[in-house]
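All remarks here apply to the structure that follows.
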Amino acid sequence: MATTKNPEPEPEPCQVCKGTGEVSRTVRVGRRHRTVGQQTGLCLNCLGSGEAPANQP
């Protein structure tokens, strides 16, 4: 009888960054906080891995 391994389930993507690991933030400058554009940054929910954290329901 041959033993077969069950494939490991794929991790769920992070809901905040949709699995990319990056999020866009608006960049504001000056006293009146003018909006000058957007910049990408690390997703703080999954820390850039793109996978949902283990303690998330």
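Scheme for the structure tokens: letters A, B, ... for chains in order shown; per-chain residue numbers from 1; ligand numbers from 1 in order shown.
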Show me, as an mmCIF file with C-alpha atoms, in the first residue's frame, the residues that have an atom within 10 Å of region 35-38 of chain A when counting only C-alpha atoms, minus same-chain residues fewer than 4 positions from it.
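Dumped to result22.cif:
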data_model
loop_
_atom_site.group_PDB
_atom_site.id
_atom_site.type_symbol
_atom_site.label_atom_id
_atom_site.label_comp_id
_atom_site.auth_asym_id
_atom_site.auth_seq_id
_atom_site.Cartn_x
_atom_site.Cartn_y
_atom_site.Cartn_z
ATOM 1 C CA VAL A 23 0.086 49.302 0.665
ATOM 2 C CA SER A 24 -0.150 52.811 -0.796
ATOM 3 C CA ARG A 25 -0.010 55.852 1.471
ATOM 4 C CA THR A 26 -0.755 59.475 0.622
ATOM 5 C CA VAL A 27 2.264 61.776 0.963
ATOM 6 C CA ARG A 28 1.539 65.225 2.408
ATOM 7 C CA VAL A 29 3.955 68.136 2.749
ATOM 8 C CA GLY A 30 4.015 71.635 4.170
#
ask   = Can you list, as a list in words, every protein, DNA or RNA residue that comes within 12 Å of Lys18 (chain A) when you count only C-alpha atoms, leaving out same-chain residues fewer than 6 positions away?
value = Glu12, Cys43, Asn45, Cys46, Gly48, Ser49, Gly50, Glu51 and Ala52 of chain A
Go ahead and save the residues from that selection, with N, CA, C and O atoms, as a short mmCIF file (atom, residue, chain, number, x, y, z; two decimals), in the first residue's frame.
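Done, and the output landed in part-v8.cif:
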data_model
loop_
_atom_site.label_atom_id
_atom_site.label_comp_id
_atom_site.auth_asym_id
_atom_site.auth_seq_id
_atom_site.Cartn_x
_atom_site.Cartn_y
_atom_site.Cartn_z
N GLU A 12 -3.94 31.83 3.26
CA GLU A 12 -4.87 32.85 2.78
C GLU A 12 -4.13 34.17 2.58
O GLU A 12 -3.24 34.50 3.35
N CYS A 43 3.23 46.48 4.30
CA CYS A 43 1.96 46.22 4.97
C CYS A 43 2.25 45.83 6.42
O CYS A 43 2.97 44.87 6.68
N ASN A 45 0.08 44.78 8.59
CA ASN A 45 -0.76 43.66 9.04
C ASN A 45 -0.03 42.33 8.85
O ASN A 45 -0.04 41.49 9.74
N CYS A 46 0.61 42.13 7.70
CA CYS A 46 1.28 40.86 7.42
C CYS A 46 2.80 41.00 7.39
O CYS A 46 3.50 40.03 7.14
N GLY A 48 4.69 42.37 5.19
CA GLY A 48 5.24 42.20 3.86
C GLY A 48 5.22 40.80 3.31
O GLY A 48 5.63 40.58 2.18
N SER A 49 4.71 39.84 4.05
CA SER A 49 4.71 38.46 3.54
C SER A 49 3.56 38.21 2.58
O SER A 49 3.63 37.32 1.74
N GLY A 50 2.46 38.94 2.69
CA GLY A 50 1.31 38.75 1.84
C GLY A 50 0.35 37.68 2.34
O GLY A 50 -0.69 37.44 1.76
N GLU A 51 0.72 37.00 3.43
CA GLU A 51 -0.12 35.95 3.99
C GLU A 51 -0.86 36.49 5.20
O GLU A 51 -0.35 37.32 5.94
N ALA A 52 -2.08 36.00 5.40
CA ALA A 52 -2.88 36.42 6.54
C ALA A 52 -2.21 35.99 7.84
O ALA A 52 -1.70 34.88 7.92
#
Residue list (strand (DSSP E), DSSP) for chain A, as a short mmCIF file (atom, residue, chain, number, x, y, z; two decimals) with all heavy atoms, in the first residue's frame:
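Final output, states-v7.cif:
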data_model
loop_
_atom_site.label_atom_id
_atom_site.label_comp_id
_atom_site.auth_asym_id
_atom_site.auth_seq_id
_atom_site.Cartn_x
_atom_site.Cartn_y
_atom_site.Cartn_z
N GLU A 22 2.40 45.08 0.07
CA GLU A 22 2.61 46.53 0.03
C GLU A 22 1.28 47.26 0.05
O GLU A 22 0.29 46.77 -0.48
CB GLU A 22 3.37 46.94 -1.23
CG GLU A 22 4.77 46.43 -1.30
CD GLU A 22 5.49 46.92 -2.54
OE1 GLU A 22 4.82 47.40 -3.49
OE2 GLU A 22 6.71 46.82 -2.56
N VAL A 23 1.27 48.44 0.64
CA VAL A 23 0.09 49.30 0.66
C VAL A 23 0.49 50.70 0.23
O VAL A 23 1.64 51.11 0.41
CB VAL A 23 -0.58 49.35 2.06
CG1 VAL A 23 -1.22 48.03 2.41
CG2 VAL A 23 0.40 49.75 3.12
N SER A 24 -0.42 51.45 -0.36
CA SER A 24 -0.15 52.81 -0.80
C SER A 24 -0.57 53.78 0.29
O SER A 24 -1.60 53.62 0.93
CB SER A 24 -0.92 53.14 -2.07
OG SER A 24 -0.46 52.35 -3.13
N ARG A 25 0.26 54.80 0.49
CA ARG A 25 -0.01 55.85 1.47
C ARG A 25 0.07 57.20 0.77
O ARG A 25 0.93 57.40 -0.09
CB ARG A 25 1.01 55.83 2.60
CG ARG A 25 1.05 54.56 3.42
CD ARG A 25 -0.21 54.36 4.21
NE ARG A 25 -0.47 55.53 5.03
CZ ARG A 25 -1.05 55.49 6.21
NH1 ARG A 25 -1.43 54.36 6.71
NH2 ARG A 25 -1.26 56.60 6.88
N THR A 26 -0.78 58.13 1.17
CA THR A 26 -0.75 59.47 0.62
C THR A 26 0.38 60.25 1.27
O THR A 26 0.55 60.21 2.49
CB THR A 26 -2.10 60.18 0.89
OG1 THR A 26 -3.14 59.40 0.30
CG2 THR A 26 -2.11 61.56 0.29
N VAL A 27 1.16 60.97 0.46
CA VAL A 27 2.26 61.78 0.96
C VAL A 27 1.80 63.22 1.03
O VAL A 27 1.31 63.77 0.04
CB VAL A 27 3.50 61.66 0.04
CG1 VAL A 27 4.63 62.55 0.54
CG2 VAL A 27 3.95 60.23 -0.04
N ARG A 28 1.95 63.83 2.20
CA ARG A 28 1.54 65.22 2.41
C ARG A 28 2.74 66.03 2.88
O ARG A 28 3.52 65.56 3.69
CB ARG A 28 0.42 65.29 3.44
CG ARG A 28 -0.81 64.56 2.98
CD ARG A 28 -1.87 64.58 4.00
NE ARG A 28 -3.04 63.87 3.50
CZ ARG A 28 -4.21 63.90 4.06
NH1 ARG A 28 -4.40 64.59 5.16
NH2 ARG A 28 -5.21 63.24 3.53
N VAL A 29 2.84 67.27 2.38
CA VAL A 29 3.96 68.14 2.75
C VAL A 29 3.46 69.53 3.13
O VAL A 29 2.35 69.92 2.77
CB VAL A 29 4.98 68.26 1.60
CG1 VAL A 29 5.61 66.93 1.28
CG2 VAL A 29 4.35 68.86 0.37
N ARG A 34 -0.40 69.70 2.07
CA ARG A 34 -0.78 69.50 0.69
C ARG A 34 -0.49 68.07 0.28
O ARG A 34 0.55 67.51 0.61
CB ARG A 34 0.07 70.37 -0.25
CG ARG A 34 -0.16 71.79 -0.25
CD ARG A 34 0.59 72.46 -1.41
NE ARG A 34 1.95 72.01 -1.63
CZ ARG A 34 3.04 72.55 -1.08
NH1 ARG A 34 2.93 73.53 -0.23
NH2 ARG A 34 4.22 72.10 -1.39
N THR A 35 -1.37 67.49 -0.50
CA THR A 35 -1.16 66.15 -1.03
C THR A 35 -0.30 66.27 -2.28
O THR A 35 -0.63 67.00 -3.20
CB THR A 35 -2.51 65.49 -1.37
OG1 THR A 35 -3.30 65.46 -0.20
CG2 THR A 35 -2.31 64.10 -1.89
N VAL A 36 0.84 65.55 -2.31
CA VAL A 36 1.73 65.62 -3.46
C VAL A 36 1.83 64.30 -4.21
O VAL A 36 2.42 64.24 -5.27
CB VAL A 36 3.15 66.08 -3.05
CG1 VAL A 36 3.13 67.51 -2.58
CG2 VAL A 36 3.75 65.16 -2.05
N GLY A 37 1.26 63.24 -3.69
CA GLY A 37 1.31 61.97 -4.39
C GLY A 37 1.12 60.80 -3.45
O GLY A 37 0.65 60.96 -2.32
N GLN A 38 1.51 59.62 -3.94
CA GLN A 38 1.40 58.42 -3.13
C GLN A 38 2.71 57.67 -3.16
O GLN A 38 3.49 57.79 -4.09
CB GLN A 38 0.27 57.52 -3.64
CG GLN A 38 -1.09 58.06 -3.33
CD GLN A 38 -2.14 56.98 -3.42
OE1 GLN A 38 -1.93 55.94 -4.01
NE2 GLN A 38 -3.27 57.22 -2.80
N GLN A 39 2.92 56.88 -2.14
CA GLN A 39 4.14 56.09 -2.01
C GLN A 39 3.75 54.73 -1.46
O GLN A 39 2.81 54.60 -0.67
CB GLN A 39 5.06 56.86 -1.08
CG GLN A 39 5.99 56.11 -0.25
CD GLN A 39 6.82 57.07 0.63
OE1 GLN A 39 6.64 58.26 0.65
NE2 GLN A 39 7.72 56.50 1.35
N THR A 40 4.43 53.68 -1.89
CA THR A 40 4.13 52.35 -1.38
C THR A 40 4.99 52.06 -0.17
O THR A 40 6.10 52.56 -0.04
CB THR A 40 4.38 51.26 -2.43
OG1 THR A 40 5.74 51.30 -2.82
CG2 THR A 40 3.48 51.43 -3.63
N GLY A 41 4.43 51.29 0.73
CA GLY A 41 5.14 50.92 1.93
C GLY A 41 4.79 49.51 2.34
O GLY A 41 3.91 48.86 1.77
N LEU A 42 5.47 49.02 3.34
CA LEU A 42 5.28 47.67 3.85
C LEU A 42 3.93 47.55 4.56
O LEU A 42 3.56 48.42 5.33
CB LEU A 42 6.41 47.38 4.85
CG LEU A 42 6.56 45.99 5.39
CD1 LEU A 42 7.03 45.06 4.29
CD2 LEU A 42 7.58 45.99 6.51
#
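Going from CA of Glu8 (chain A) to CA of Gly21 (chain A) covers 21.6 Å.
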